[in-house]
Amino acid sequence: MKPFKIILAFCLASQALAETPSLGAPEWQVEGLRTPESVLVWQSPEGKQLLVSEIEGDSTAADGQGGIALLSTEGDIKDQNFIRGLNAPKGMAVVGSTLYVADITELVAIDLAARKRIASYPVEGAVFLNDVAADAEGTVYVSDTRTGRVHVLVDGVISTFLSGVPNANGLLVEGDSLVIAAGDTLYRFHDGELEVIAKGFAEKADGVEPLAEGGYLVSCWAGLVYRVDGAGALTLLRDSREPQVNTADIGYDPATNRLYIPTFLSNGVQAYRL
C-alpha cells in the first residue's frame with residue numbers, strides 16, 4: 001500500500017448546492033430486472049450495449065443466483081441471462097474482451113465472447129467488494145466498502161492499493177489518478193496523496209462517472225444524483241428518496257450525454273438525457 005496524505009483541494013465553503021432537482025423525466029425505463037446494482041456502457045462488437053449486474057437476492061450471499069443482463073441502449077432487454085452463476089455481482093469494468101466483476105469477496109473475470117468465467121481472484125480480508133475500474137494498460141481496481149480499501153489486480157496478482165478510505169465505493173480512472181466516491185466525499189488519489197474533490201453528499205456516494213464537459217456525475221444509493229463541477233460545487237439533479245427509488249451504480253455515455261440509473265429495489269433501469 002502506498003502512503004498518502006489528505007489534501008483539501010478546493011475551498012469547500014464555496015460549494016453551491018442547488019435546492020431543486022433538475023434531472024426531469026426519463027427518456028425510457030425498463031422494469032422486471034433482478035436487483036440491478038450497476039450499469040456499464042459496453043462497446044461490444046455489435047455496437048454499444050448495456051451490461052447490468054443483477055444481484056437477485058442477498059447482496060452478501062454466495063448463492064450463485066446473480067448474473068449480468070444485456071440491454072440495448074434504448075431499453076430493450078436483449079438477454080437477461082447473458083451471464084449467470086455469479087453470487088451478488090456489483091461494479092464492472094471491461095478490458096479488451098474481458099469483463100471484471102466485483103462479487104462479494106472476489107474479483108471475477110469473464111470472457112464476454114464465450115460468456116464464461118475464466119478466472120477468479122479472491123481478495124484476502126475482503127468483506128464487500130463493490131465497484132471496479134480499469135486503466136488503459138489493463139490494471140484493474142476494486143473497492144471494498146466495508147473495509148475502506150481499494151485493491152488492484154496487476155499481471156494476475158491482486159494486492160491492496162490503498163486503505164483508510166471509509167465507505168470507499170465508486171471508482172474512476174482518470175489518466176494516472178484514481179477518483180474514489182466514499183461516504184459524503186469525492187476524492188482523487190494521485191502520487192501518493194488523497195485530495196478532496198468535493199464534499200457534502202447528503203447520503204453515501206455510490207457510482208461516479210466523468211462528464212463530457214468536465215466534472216462528474218455521482219449517485220447515492222439512497223436516491224440522489226449530483227453533478228460535481230470543476231470547482232467541486234454540487235448540484236442536486238435527482239432526489240427520489242421519498243418514493244424510495246434507489247439510484248445505485250450509474251452508467252454514462254459521454255457521446256450521447258445519456259445517464260443510466262439502476263433502481264435496485266425497484267428492479268429497473270432508467271435513462272436520462274442530460
# chains A, B, ... in the order shown; residues from 1 in each chain; ligands from 1
$ select_by_dssp --residues "region 3-167 of chain A" --states "strand (DSSP E or B)" --output "VMD selection string"
chain A and resid 5 to 8 28 to 31 36 to 44 47 to 54 66 to 72 77 to 86 89 to 95 98 to 104 106 to 111 116 to 122 129 to 134 140 to 144 149 to 154 157 to 162
$ residues_around --residues "Arg34 (chain A)" --least-positions-apart "6" --cutoff "10 Å" --atoms "only C-alpha atoms" --output "JSON, numbers by chain"
{"A": [52, 53, 54, 55, 56, 57, 65, 66, 67, 68, 69, 80, 264, 265, 266, 267, 268]}
$ write_last_selection --atoms "N, CA, C and O atoms" --output "compact mmCIF listing (two decimals), in the first residue's frame"
# COMPACT_ATOMS: atom_id res chain seq x y z
N VAL A 52 -25.81 -4.96 -17.23
CA VAL A 52 -26.45 -4.63 -15.96
C VAL A 52 -26.23 -5.79 -14.99
O VAL A 52 -26.65 -6.92 -15.25
N SER A 53 -25.54 -5.50 -13.88
CA SER A 53 -25.34 -6.55 -12.88
C SER A 53 -26.61 -6.73 -12.06
O SER A 53 -27.22 -5.76 -11.62
N GLU A 54 -27.01 -7.99 -11.87
CA GLU A 54 -28.22 -8.32 -11.12
C GLU A 54 -27.84 -9.16 -9.90
O GLU A 54 -27.33 -10.27 -10.04
N ILE A 55 -28.11 -8.64 -8.73
CA ILE A 55 -27.78 -9.37 -7.50
C ILE A 55 -28.75 -10.53 -7.30
O ILE A 55 -28.36 -11.64 -6.94
N GLU A 56 -30.03 -10.28 -7.52
CA GLU A 56 -31.09 -11.28 -7.38
C GLU A 56 -30.97 -12.07 -6.07
O GLU A 56 -30.75 -13.28 -6.05
N GLY A 57 -31.13 -11.35 -4.97
CA GLY A 57 -31.05 -12.00 -3.67
C GLY A 57 -30.31 -11.12 -2.69
O GLY A 57 -30.23 -9.90 -2.84
N GLN A 65 -26.95 -17.03 -7.45
CA GLN A 65 -28.16 -16.59 -8.14
C GLN A 65 -27.95 -15.36 -9.01
O GLN A 65 -28.81 -15.01 -9.82
N GLY A 66 -26.82 -14.68 -8.85
CA GLY A 66 -26.61 -13.43 -9.56
C GLY A 66 -26.15 -13.60 -10.99
O GLY A 66 -25.77 -14.70 -11.43
N GLY A 67 -26.17 -12.49 -11.74
CA GLY A 67 -25.73 -12.55 -13.12
C GLY A 67 -25.66 -11.18 -13.75
O GLY A 67 -25.78 -10.15 -13.09
N ILE A 68 -25.45 -11.18 -15.06
CA ILE A 68 -25.36 -9.95 -15.85
C ILE A 68 -26.40 -10.01 -16.96
O ILE A 68 -26.45 -10.97 -17.72
N ALA A 69 -27.24 -8.97 -17.03
CA ALA A 69 -28.22 -8.85 -18.11
C ALA A 69 -27.66 -7.97 -19.21
O ALA A 69 -26.84 -7.08 -18.96
N GLN A 80 -31.55 -11.39 -20.66
CA GLN A 80 -31.46 -11.21 -19.21
C GLN A 80 -30.55 -12.24 -18.57
O GLN A 80 -30.03 -12.03 -17.47
N PHE A 264 -32.29 -0.56 -8.39
CA PHE A 264 -32.03 -1.55 -7.34
C PHE A 264 -33.33 -2.20 -6.85
O PHE A 264 -33.86 -3.07 -7.52
N LEU A 265 -33.87 -1.79 -5.72
CA LEU A 265 -35.05 -2.45 -5.15
C LEU A 265 -36.29 -2.28 -6.00
O LEU A 265 -37.24 -3.06 -5.87
N SER A 266 -36.29 -1.29 -6.91
CA SER A 266 -37.42 -1.13 -7.84
C SER A 266 -37.25 -1.98 -9.09
O SER A 266 -38.11 -1.98 -9.98
N ASN A 267 -36.10 -2.66 -9.20
CA ASN A 267 -35.87 -3.66 -10.26
C ASN A 267 -35.97 -3.09 -11.67
O ASN A 267 -36.54 -3.72 -12.56
N GLY A 268 -35.40 -1.92 -11.87
CA GLY A 268 -35.44 -1.32 -13.20
C GLY A 268 -34.18 -0.55 -13.54
O GLY A 268 -33.26 -0.41 -12.73
$ closest_atom_pairs --of "region 51-115 of chain A" --to "region 207-222 of chain A" --cutoff "12 Å" --atoms "only C-alpha atoms" --output "CSV"
residue,atom,partner,partner_atom,distance
A:Lys90,CA,A:Gly207,CA,10.8
A:Gly91,CA,A:Gly207,CA,8.8
A:Met92,CA,A:Gly207,CA,11.1
$ write_last_selection --atoms "N, CA, C and O atoms" --output "PDB file, in the first residue's frame"
ATOM      1  N   LYS A  90     -21.683  -6.715  -8.498  1.00  0.00           N
ATOM      2  CA  LYS A  90     -21.919  -5.270  -8.363  1.00  0.00           C
ATOM      3  C   LYS A  90     -21.174  -4.532  -9.472  1.00  0.00           C
ATOM      4  O   LYS A  90     -21.537  -4.666 -10.631  1.00  0.00           O
ATOM      5  N   GLY A  91     -20.144  -3.753  -9.157  1.00  0.00           N
ATOM      6  CA  GLY A  91     -19.467  -2.962 -10.169  1.00  0.00           C
ATOM      7  C   GLY A  91     -18.745  -3.789 -11.212  1.00  0.00           C
ATOM      8  O   GLY A  91     -18.354  -4.932 -10.966  1.00  0.00           O
ATOM      9  N   MET A  92     -18.553  -3.170 -12.402  1.00  0.00           N
ATOM     10  CA  MET A  92     -17.963  -3.876 -13.538  1.00  0.00           C
ATOM     11  C   MET A  92     -17.013  -2.955 -14.299  1.00  0.00           C
ATOM     12  O   MET A  92     -17.141  -1.736 -14.270  1.00  0.00           O
TER      13      MET A  92
END
$ closest_residue --among "A:Gly96, A:Gly47, A:Gly64, A:Gly175" --to "Ile83 (chain A)" --atoms "only C-alpha atoms"
A:Gly64
$ residues_around --residues "Leu259 (chain A)" --least-positions-apart "2" --cutoff "9 Å" --atoms "only C-alpha atoms" --output "PyMOL selection string"
chain A and resi 217+250-254+256-257+261+270-274
$ atom_distance --atom1 "CA of Ser38 (chain A)" --atom2 "CA of Ala119 (chain A)"
20.8 Å
$ closest_residue --among "A:Leu236, A:Val41, A:Val196, A:Val30" --to "Arg258 (chain A)" --atoms "only C-alpha atoms"
A:Val41
$ residues_around --residues "Ile110 (chain A)" --least-positions-apart "2" --cutoff "9 Å" --atoms "only C-alpha atoms" --output "ChimeraX atom specification"
/A:83,97-101,108,112-120
